[in-house]
>>> print(open('query-v1.txt').read())   # compact mmCIF, C-alpha atoms and all ligand atoms
# COMPACT_ATOMS: atom_id res chain seq x y z
CA MET A 1 56.10 105.16 92.74
CA THR A 2 56.81 102.99 95.75
CA HIS A 3 58.12 99.52 94.99
CA HIS A 4 58.65 96.53 97.23
CA HIS A 5 55.73 97.51 99.46
CA ILE A 6 57.68 99.70 101.84
CA LYS A 7 55.37 101.56 104.18
CA ARG A 8 57.45 102.08 107.27
CA ILE A 9 61.17 102.48 107.84
CA ALA A 10 63.32 103.07 110.90
CA ILE A 11 66.58 104.97 111.30
CA CYS A 12 69.28 104.79 113.95
CA THR A 13 72.63 106.46 114.57
CA GLY A 14 75.46 104.48 116.16
CA GLY A 15 79.02 105.03 117.35
CA GLY A 16 80.62 108.39 118.06
CA ASP A 17 78.57 111.39 116.98
CA ALA A 18 79.71 113.41 113.96
CA PRO A 19 78.58 116.69 112.41
CA GLY A 20 76.01 115.90 109.71
CA LEU A 21 74.00 113.20 111.51
CA ASN A 22 70.99 115.48 111.89
CA ALA A 23 71.18 116.42 108.20
CA VAL A 24 71.09 112.70 107.27
CA ILE A 25 68.09 112.14 109.55
CA ARG A 26 66.26 115.12 108.05
CA SER A 27 66.99 113.97 104.52
CA VAL A 28 65.83 110.40 105.18
CA VAL A 29 62.62 111.51 106.91
CA ILE A 30 61.65 113.93 104.14
CA ALA A 31 62.60 111.64 101.23
CA ALA A 32 60.60 108.84 102.91
CA ALA A 33 57.60 111.09 103.62
CA ASN A 34 57.60 112.19 99.98
CA ARG A 35 57.14 108.55 99.02
CA GLY A 36 54.28 108.15 101.46
CA TRP A 37 56.37 106.12 103.92
CA GLU A 38 56.38 106.55 107.69
CA CYS A 39 59.71 106.96 109.42
CA TYR A 40 60.59 105.96 112.99
CA GLY A 41 63.66 106.93 115.01
CA ILE A 42 65.38 104.45 117.32
CA ARG A 43 67.08 106.09 120.29
CA ASP A 44 70.74 105.62 121.22
CA GLY A 45 71.83 103.13 118.57
CA PHE A 46 69.61 100.11 119.19
CA ASN A 47 69.05 100.82 122.88
CA GLY A 48 65.57 102.16 122.10
CA ILE A 49 64.63 98.61 121.13
CA LEU A 50 66.82 96.70 123.60
CA PHE A 51 65.89 98.80 126.67
CA PRO A 52 62.40 100.22 126.08
CA GLU A 53 61.94 100.71 129.84
CA ARG A 54 64.64 103.39 129.85
CA TYR A 55 62.61 105.71 127.68
CA VAL A 56 59.51 107.34 129.12
CA GLU A 57 58.56 108.84 125.76
CA GLY A 58 59.31 105.60 123.91
CA GLY A 59 62.58 104.08 122.72
CA VAL A 60 61.28 104.20 119.16
CA PHE A 61 59.20 107.14 118.02
CA ARG A 62 57.56 108.51 114.91
CA LEU A 63 59.65 111.06 113.05
CA THR A 64 57.53 113.55 111.19
CA ARG A 65 58.55 116.35 108.90
CA SER A 66 57.94 118.91 111.61
CA GLN A 67 60.34 117.14 113.98
CA VAL A 68 63.22 117.40 111.53
CA ARG A 69 62.55 121.00 110.53
CA ASP A 70 65.65 123.19 110.79
CA ILE A 71 67.96 120.56 112.27
CA GLY A 72 70.28 120.10 109.26
CA HIS A 73 72.84 122.59 110.51
CA LEU A 74 73.03 121.25 114.07
CA GLY A 75 75.82 119.05 115.42
CA GLY A 76 75.13 115.82 117.33
CA THR A 77 72.18 113.53 116.64
CA MET A 78 68.57 114.08 117.71
CA LEU A 79 68.31 110.28 118.09
CA GLY A 80 71.22 109.92 120.49
CA SER A 81 74.02 107.43 119.93
CA THR A 82 76.16 104.91 121.75
CA ASN A 83 79.39 103.08 121.07
CA LYS A 84 78.69 100.53 123.76
CA GLY A 85 75.63 98.68 122.60
CA ASN A 86 76.71 96.30 119.84
CA PRO A 87 73.68 93.94 119.77
CA LEU A 88 75.80 91.14 118.30
CA HIS A 89 78.23 91.24 121.22
CA PHE A 90 76.17 92.65 124.01
CA PRO A 91 78.00 92.96 127.35
CA THR A 92 76.14 90.94 129.98
CA ARG A 93 76.86 89.78 133.50
CA MET A 94 77.29 86.02 133.34
CA PRO A 95 76.06 83.58 136.04
CA ASP A 96 79.63 83.26 137.37
CA GLY A 97 79.86 87.04 137.86
CA SER A 98 82.17 87.74 134.94
CA VAL A 99 81.17 90.04 132.05
CA GLY A 100 80.60 88.20 128.79
CA GLU A 101 78.88 88.85 125.48
CA ILE A 102 75.57 87.66 124.14
CA ASP A 103 73.94 88.06 120.73
CA ARG A 104 70.75 90.14 121.03
CA SER A 105 70.25 90.78 117.32
CA ASN A 106 67.17 88.52 117.14
CA GLU A 107 65.36 90.95 119.44
CA ILE A 108 65.84 93.63 116.80
CA LEU A 109 64.50 91.44 114.02
CA GLU A 110 61.53 90.46 116.17
CA TYR A 111 60.83 94.10 116.92
CA PHE A 112 60.84 95.02 113.22
CA ALA A 113 58.47 92.14 112.44
CA ARG A 114 56.12 92.99 115.33
CA LYS A 115 55.90 96.68 114.46
CA GLU A 116 55.73 96.00 110.71
CA LEU A 117 58.83 98.05 110.03
CA ASP A 118 59.99 97.19 106.51
CA ALA A 119 63.57 98.45 106.52
CA LEU A 120 66.35 100.11 108.51
CA VAL A 121 68.66 102.98 107.63
CA SER A 122 71.73 102.55 109.82
CA VAL A 123 74.00 105.57 110.06
CA GLY A 124 77.41 104.83 111.47
CA GLY A 125 81.04 103.90 111.13
CA ASP A 126 82.73 100.55 110.84
CA GLY A 127 81.08 99.11 113.96
CA SER A 128 77.53 100.13 112.99
CA LEU A 129 77.98 99.01 109.38
CA THR A 130 79.27 95.61 110.53
CA ILE A 131 76.12 95.27 112.67
CA ALA A 132 74.00 96.40 109.68
CA ASN A 133 75.63 93.72 107.55
CA ALA A 134 74.87 91.02 110.09
CA LEU A 135 71.23 92.15 110.34
CA HIS A 136 70.98 92.08 106.55
CA HIS A 137 72.25 88.48 106.54
CA LYS A 138 69.58 87.62 109.09
CA GLY A 139 66.93 88.86 106.69
CA LEU A 140 66.39 92.52 107.63
CA ARG A 141 66.26 95.03 104.78
CA VAL A 142 69.09 97.45 105.61
CA VAL A 143 70.93 100.35 103.99
CA GLY A 144 74.01 101.92 105.62
CA VAL A 145 75.22 105.52 105.59
CA PRO A 146 78.96 106.14 106.17
CA LYS A 147 79.64 108.42 109.13
CA THR A 148 82.86 109.24 110.95
CA ILE A 149 85.11 112.22 111.52
CA ASP A 150 88.03 109.78 111.13
CA ASN A 151 87.40 109.13 107.39
CA ASP A 152 88.63 105.58 107.89
CA LEU A 153 85.83 103.76 106.04
CA ASP A 154 86.71 101.88 102.90
CA LYS A 155 84.94 102.17 99.51
CA THR A 156 83.74 105.73 99.90
CA MET A 157 85.79 108.76 98.91
CA THR A 158 84.86 110.35 102.16
CA THR A 159 82.54 110.03 105.13
CA PHE A 160 80.45 112.92 106.43
CA GLY A 161 81.88 114.60 109.53
CA PHE A 162 85.46 114.50 108.29
CA ASP A 163 85.42 117.83 106.46
CA THR A 164 84.04 119.63 109.54
CA ALA A 165 86.70 118.05 111.76
CA VAL A 166 89.48 119.04 109.33
CA ALA A 167 88.13 122.58 108.98
CA PHE A 168 88.04 123.10 112.74
CA ALA A 169 91.46 121.52 113.35
CA THR A 170 92.86 123.80 110.65
CA GLU A 171 91.40 126.87 112.32
CA CYS A 172 92.93 125.75 115.63
CA LEU A 173 96.34 125.33 113.99
CA ASP A 174 96.06 128.83 112.50
CA ARG A 175 95.38 130.20 115.96
CA LEU A 176 98.22 128.26 117.58
CA HIS A 177 100.75 129.63 115.11
CA SER A 178 100.54 133.03 116.82
CA THR A 179 101.64 131.79 120.25
CA ALA A 180 104.22 129.46 118.74
CA GLU A 181 105.76 132.38 116.86
CA SER A 182 105.37 135.07 119.55
CA HIS A 183 106.92 132.88 122.25
CA GLN A 184 109.33 130.91 120.07
CA ARG A 185 107.72 127.72 121.25
CA VAL A 186 106.88 124.30 119.97
CA MET A 187 103.13 123.74 119.98
CA VAL A 188 102.11 120.07 119.85
CA VAL A 189 98.52 119.49 118.76
CA GLU A 190 96.94 116.05 119.27
CA VAL A 191 94.01 115.24 116.99
CA MET A 192 91.59 112.32 116.87
CA GLY A 193 91.35 109.83 114.04
CA ARG A 194 91.75 106.45 115.69
CA TYR A 195 94.16 104.25 113.69
CA ALA A 196 94.14 106.50 110.60
CA GLY A 197 95.98 109.76 110.01
CA TRP A 198 93.44 111.48 107.76
CA ILE A 199 92.57 114.32 110.11
CA ALA A 200 96.21 114.88 111.09
CA LEU A 201 97.47 114.90 107.50
CA HIS A 202 94.73 117.03 105.96
CA ALA A 203 94.55 119.59 108.78
CA GLY A 204 98.33 119.53 109.18
CA ILE A 205 98.95 120.54 105.57
CA ALA A 206 96.04 123.00 105.41
CA GLY A 207 97.08 124.53 108.75
CA ASN A 208 100.77 124.87 107.79
CA ALA A 209 102.14 122.48 110.42
CA HIS A 210 105.88 121.83 110.39
CA ALA A 211 105.59 118.18 111.38
CA ILE A 212 102.77 115.62 111.18
CA LEU A 213 102.90 112.28 112.99
CA MET A 214 100.34 109.70 111.92
CA PRO A 215 99.63 106.00 112.46
CA GLU A 216 100.60 105.06 108.91
CA ILE A 217 104.26 106.06 109.48
CA ALA A 218 105.86 104.89 112.73
CA TYR A 219 107.72 107.99 113.88
CA ASP A 220 111.36 108.26 114.71
CA MET A 221 111.78 110.73 117.60
CA ASP A 222 115.37 111.48 116.51
CA LYS A 223 114.10 112.65 113.11
CA LEU A 224 111.50 114.93 114.70
CA VAL A 225 114.05 116.42 117.13
CA ALA A 226 116.50 116.96 114.25
CA HIS A 227 113.77 118.68 112.20
CA ILE A 228 112.92 121.13 115.00
CA ASN A 229 116.62 121.82 115.67
CA ARG A 230 117.25 122.39 111.96
CA ARG A 231 114.39 124.88 111.80
CA ASP A 232 115.89 126.67 114.82
CA ALA A 233 119.31 126.80 113.22
CA ASP A 234 117.70 128.28 110.09
CA GLY A 235 116.14 131.04 112.19
CA GLN A 236 112.65 129.52 112.23
CA VAL A 237 112.58 129.41 115.99
CA TYR A 238 109.08 128.02 116.49
CA SER A 239 107.26 124.91 115.29
CA VAL A 240 103.76 123.51 115.12
CA VAL A 241 103.58 119.72 115.36
CA VAL A 242 100.37 117.77 114.66
CA VAL A 243 100.16 114.32 116.23
CA ALA A 244 97.39 111.84 115.45
CA GLU A 245 96.15 110.07 118.60
CA GLY A 246 96.94 106.71 116.96
CA ALA A 247 100.53 107.55 115.92
CA SER A 248 102.98 105.01 117.23
CA GLN A 249 106.69 105.22 117.73
CA ARG A 250 109.16 103.19 115.73
CA ASP A 251 109.58 100.80 118.67
CA GLY A 252 105.84 100.09 118.44
CA HIS A 253 104.81 102.16 121.49
CA LEU A 254 101.17 103.31 121.21
CA ASP A 255 99.61 105.68 123.78
CA VAL A 256 96.42 104.19 125.19
CA LEU A 257 94.20 105.82 127.83
CA GLU A 258 92.02 102.78 128.46
CA PRO A 259 92.43 99.24 127.16
CA ALA A 260 89.63 97.54 125.23
CA GLU A 261 87.04 95.79 127.35
CA VAL A 262 83.96 93.74 126.68
CA GLY A 263 81.56 96.17 125.04
CA HIS A 264 83.95 98.97 124.16
CA ALA A 265 87.04 99.59 122.09
CA GLU A 266 90.47 100.73 123.24
CA ARG A 267 90.63 104.48 124.02
CA LEU A 268 93.58 106.23 122.46
CA GLY A 269 95.23 109.34 123.84
CA GLY A 270 98.32 110.78 125.51
CA VAL A 271 100.74 110.75 122.60
CA GLY A 272 100.74 114.57 122.37
CA GLU A 273 101.78 114.94 126.01
CA ARG A 274 104.56 112.39 125.63
CA VAL A 275 105.92 113.82 122.38
CA ALA A 276 105.84 117.35 123.88
CA ARG A 277 107.78 116.20 126.96
CA VAL A 278 110.48 114.54 124.89
CA LEU A 279 110.72 117.52 122.53
CA GLN A 280 111.13 119.94 125.44
CA GLU A 281 113.84 117.76 126.98
CA ARG A 282 115.73 117.17 123.79
CA THR A 283 115.43 120.51 121.97
CA GLY A 284 115.45 122.68 125.10
CA LYS A 285 112.58 124.64 123.61
CA ASP A 286 109.55 125.71 125.57
CA THR A 287 106.85 123.27 124.49
CA ARG A 288 103.08 123.21 125.03
CA VAL A 289 100.46 120.64 124.14
CA VAL A 290 96.85 121.11 123.04
CA VAL A 291 94.52 118.11 122.73
CA LEU A 292 91.65 118.93 120.37
CA GLY A 293 89.73 115.76 121.25
CA HIS A 294 85.96 115.96 121.11
CA LEU A 295 86.02 119.56 119.87
CA LEU A 296 86.51 117.89 116.47
CA ARG A 297 83.22 116.01 116.81
CA GLY A 298 80.99 118.98 117.62
CA GLY A 299 79.69 122.08 115.95
CA SER A 300 77.79 122.83 112.82
CA PRO A 301 78.67 120.70 109.77
CA THR A 302 80.47 122.48 106.93
CA ALA A 303 78.53 123.01 103.70
CA PHE A 304 80.42 120.04 102.23
CA ASP A 305 79.36 117.73 105.08
CA ARG A 306 75.80 119.01 105.06
CA LEU A 307 75.47 118.37 101.35
CA ALA A 308 77.13 114.93 101.62
CA SER A 309 74.74 114.07 104.48
CA MET A 310 71.66 115.16 102.56
CA ARG A 311 72.82 113.27 99.46
CA PHE A 312 73.57 110.14 101.51
CA GLY A 313 70.18 110.29 103.27
CA ALA A 314 68.24 110.72 100.04
CA ALA A 315 70.32 108.00 98.33
CA ALA A 316 69.64 105.58 101.21
CA VAL A 317 65.89 106.05 100.68
CA ARG A 318 66.29 105.66 96.89
CA ALA A 319 68.25 102.44 97.47
CA LEU A 320 65.40 101.04 99.59
CA ASP A 321 62.89 102.18 96.99
CA GLU A 322 64.89 100.32 94.35
CA GLY A 323 64.61 97.15 96.41
CA LEU A 324 68.23 97.09 97.57
CA SER A 325 69.47 95.79 100.91
CA GLY A 326 72.86 95.08 102.42
CA VAL A 327 74.42 98.11 100.76
CA MET A 328 76.09 101.29 101.95
CA VAL A 329 75.66 104.55 100.08
CA ALA A 330 79.09 105.88 99.15
CA LEU A 331 80.61 108.96 97.61
CA ALA A 332 82.20 108.18 94.25
CA PHE A 333 82.81 111.69 92.98
CA PRO A 334 80.85 113.22 91.29
CA ASN A 335 78.02 110.85 92.26
CA VAL A 336 76.89 108.61 95.06
CA ASN A 337 76.79 104.88 94.47
CA TYR A 338 75.99 101.73 96.43
CA ILE A 339 78.59 99.34 97.82
CA ALA A 340 77.86 95.92 99.34
CA LEU A 341 78.17 96.16 103.14
CA GLU A 342 80.18 92.98 102.88
CA GLU A 343 82.96 94.96 101.22
CA VAL A 344 83.00 97.61 103.95
CA ALA A 345 82.36 95.72 107.19
CA GLY A 346 85.46 95.09 109.26
CA ARG A 347 87.77 96.96 106.89
CA MET A 348 89.67 100.10 107.60
CA LYS A 349 90.97 102.75 105.19
CA ALA A 350 94.32 104.14 106.21
CA VAL A 351 96.12 106.92 104.32
CA PRO A 352 97.87 105.20 101.39
CA LEU A 353 101.62 105.70 101.57
CA ASP A 354 101.67 106.68 97.90
CA SER A 355 98.87 109.26 98.20
CA ASP A 356 99.62 112.61 96.62
CA THR A 357 98.48 114.33 99.82
CA LEU A 358 101.20 112.62 101.81
CA GLN A 359 103.64 113.35 98.99
CA THR A 360 102.55 117.00 99.18
CA ALA A 361 103.54 117.09 102.84
CA ARG A 362 106.95 115.72 101.95
CA ASP A 363 107.36 118.14 99.02
CA LEU A 364 106.57 121.04 101.33
CA GLY A 365 109.31 119.94 103.71
CA ILE A 366 106.90 118.89 106.47
CA CYS A 367 108.48 116.22 108.69
CA VAL A 368 106.24 113.14 108.71
CA GLY A 369 108.31 111.31 111.29
CA ASP A 370 110.55 109.22 109.02
O1 LIG A 401 85.64 107.51 115.85
C1 LIG A 401 85.50 108.81 116.30
C2 LIG A 401 86.34 109.07 117.51
O2 LIG A 401 86.16 110.42 117.89
C3 LIG A 401 87.82 108.74 117.35
O3 LIG A 401 88.51 109.73 116.61
C4 LIG A 401 88.26 108.60 118.79
O4 LIG A 401 89.36 107.74 118.92
C5 LIG A 401 87.05 108.00 119.45
O5 LIG A 401 85.94 108.25 118.60
C6 LIG A 401 86.77 108.55 120.82
O6 LIG A 401 85.69 107.88 121.36
P1 LIG A 401 84.99 108.31 122.72
O7 LIG A 401 84.09 109.46 122.40
O8 LIG A 401 84.25 107.09 123.12
O9 LIG A 401 86.06 108.70 123.68
>>> encode(input="query-v1.txt", output="structure tokens")
Amino acid sequence: MTHHHIKRIAICTGGGDAPGLNAVIRSVVIAAANRGWECYGIRDGFNGILFPERYVEGGVFRLTRSQVRDIGHLGGTMLGSTNKGNPLHFPTRMPDGSVGEIDRSNEILEYFARKELDALVSVGGDGSLTIANALHHKGLRVVGVPKTIDNDLDKTMTTFGFDTAVAFATECLDRLHSTAESHQRVMVVEVMGRYAGWIALHAGIAGNAHAILMPEIAYDMDKLVAHINRRDADGQVYSVVVVAEGASQRDGHLDVLEPAEVGHAERLGGVGERVARVLQERTGKDTRVVVLGHLLRGGSPTAFDRLASMRFGAAAVRALDEGLSGVMVALAFPNVNYIALEEVAGRMKAVPLDSDTLQTARDLGICVGD
């Protein structure tokens, strides 16, 4: 039975895409339809509402069962996404010519009221969930779904997208072992993850890396060089080194491709290249670098991510049906539960230094840069 008079809901996907977004959309649309609710998709984060003129076929459109048929296994998001359109801090050209920020969130609330949309399912990472929290405080009924390949969201055991990223990075490491071994080289592999080392640590251990550098442990280049040299002296004349894009050196140096600007965050990258250059110079070993980058964001979600996505989508609809708002669905093994967005917004989950996974790396003799 439908409570709280919900008839119509909307869904949007924000931030970087991640495998599993389409499975969430499918799950939300079907669970809503089975309650007799209509579901609408907003294109490109909130751009479908903020820039209706950009969309010939409509910035917001009805999502029916037939539109979400057979999309659960596809990467990307059928709604499109953006990490530039934060409606709370919208980049705008100011009268003096500079670029400033304005708050456009009222336009979203007005749109929901005008179109008689009763609630929003917002699928995204920290940025999108912070926006969702603000909209909730302004009176919109909102439920969040935790997405990111980085796994850096607090209060959920995992986000969807992470398992797929780790699985692919692991396969890449397996493949790179052959060249490392055949050519007695050092292969440096840079992985995404922003300011958290989850992808690097999990894929590094699963993919039998010999060293893993991650943001949580400022690395000491001398220790890494010594580790590679020691392996060489022991007759293990090749090494595979995983470097998280957000790993920083002991002196605080962080490799940034583009600084933060109004409307978008800092872009990380380049640490793999730099570490490889120093390793080649200091160990004398032939060294190559591979940047996995956006390969980690694409492809078909693993069964784990698909299931998590479907569970999250269905749970988001149940939460709305139960009259909840301002919550995020979270994985609290073996079940999903609801966490106040307040407790998630603006927080980041780094790898705890006492985690058994990190301890496993140490126990296996993997150099973690300290
Ligand atoms: O948050 C996901 C992520 O892929 C990070 O791992 C990475 O730092 C960032 O997004 C890259 O963003 P963009 O696609 O804008 O370059």
>>> atom_distance(input="query-v1.txt", atom1="CA of Arg231 in chain A", atom2="CA of Ser182 in chain A")
15.7 Å
>>> closest_residue(input="query-v1.txt", among="A:Ala200, A:Val327, A:Val351, A:Ala319", to="ligand LIG 401 (chain A)", atoms="all atoms listed in the file")
A:Ala200
>>> closest_residue(input="query-v1.txt", among="A:Tyr195, A:Phe168, A:Phe51, A:Phe61", to="ligand LIG 401 (chain A)", atoms="all atoms listed in the file")
A:Tyr195
>>> residues_near_ligand(input="query-v1.txt", ligand="ligand LIG 401 (chain A)", cutoff="7 Å", atoms="all atoms listed in the file", output="list in words")
Gly16, Asn83, Thr148, Ile149, Asp150, Met192, Gly193, Arg194, Arg267, Leu268, His294 and Arg297 of chain A
>>> residues_around(input="query-v1.txt", residues="Leu295 in chain A", least_positions_apart="3", cutoff="12 Å", atoms="only C-alpha atoms", output="list in words")
Asp17, Ala18, Pro19, Gly75, Gly76, Ile149, Thr164, Ala165, Val166, Ala167, Phe168, Ala169, Glu171, Cys172, Glu190, Val191, Met192, Val290, Val291, Leu292, Gly298, Gly299 and Ser300 of chain A
>>> atom_distance(input="query-v1.txt", atom1="CA of Val142 in chain A", atom2="CA of Gly326 in chain A")
5.5 Å
>>> closest_residue(input="query-v1.txt", among="A:Thr302, A:Ser248, A:Leu296, A:Ser325", to="Leu140 in chain A", atoms="all atoms listed in the file")
A:Ser325
>>> residues_around(input="query-v1.txt", residues="Gly80 in chain A", least_positions_apart="3", cutoff="8 Å", atoms="all atoms listed in the file", output="ChimeraX atom specification")
/A:13,43-45,76-77
>>> closest_residue(input="query-v1.txt", among="A:Val186, A:Leu320, A:Ile9, A:Leu364", to="Val143 in chain A", atoms="all atoms listed in the file")
A:Leu320
>>> residues_near_point(input="query-v1.txt", point="(104.0, 120.9, 104.2)", cutoff="8 Å", atoms="all atoms listed in the file", output="PDB file with C-alpha atoms, in the coordinates of the input")
ATOM      1  CA  GLY A 204      98.330 119.530 109.180  1.00  0.00           C
ATOM      2  CA  ILE A 205      98.950 120.540 105.570  1.00  0.00           C
ATOM      3  CA  ASN A 208     100.770 124.870 107.790  1.00  0.00           C
ATOM      4  CA  ALA A 209     102.140 122.480 110.420  1.00  0.00           C
ATOM      5  CA  HIS A 210     105.880 121.830 110.390  1.00  0.00           C
ATOM      6  CA  ALA A 211     105.590 118.180 111.380  1.00  0.00           C
ATOM      7  CA  THR A 360     102.550 117.000  99.180  1.00  0.00           C
ATOM      8  CA  ALA A 361     103.540 117.090 102.840  1.00  0.00           C
ATOM      9  CA  ARG A 362     106.950 115.720 101.950  1.00  0.00           C
ATOM     10  CA  ASP A 363     107.360 118.140  99.020  1.00  0.00           C
ATOM     11  CA  LEU A 364     106.570 121.040 101.330  1.00  0.00           C
ATOM     12  CA  GLY A 365     109.310 119.940 103.710  1.00  0.00           C
ATOM     13  CA  ILE A 366     106.900 118.890 106.470  1.00  0.00           C
ATOM     14  CA  CYS A 367     108.480 116.220 108.690  1.00  0.00           C
TER      15      CYS A 367
END
>>> closest_residue(input="query-v1.txt", among="A:Gly246, A:Gly124, A:Pro91, A:Gly36", to="Cys12 in chain A", atoms="all atoms listed in the file")
A:Gly124
>>> closest_residue(input="query-v1.txt", among="A:Val317, A:Val242, A:Glu101, A:Ile228", to="Lys7 in chain A", atoms="all atoms listed in the file")
A:Val317
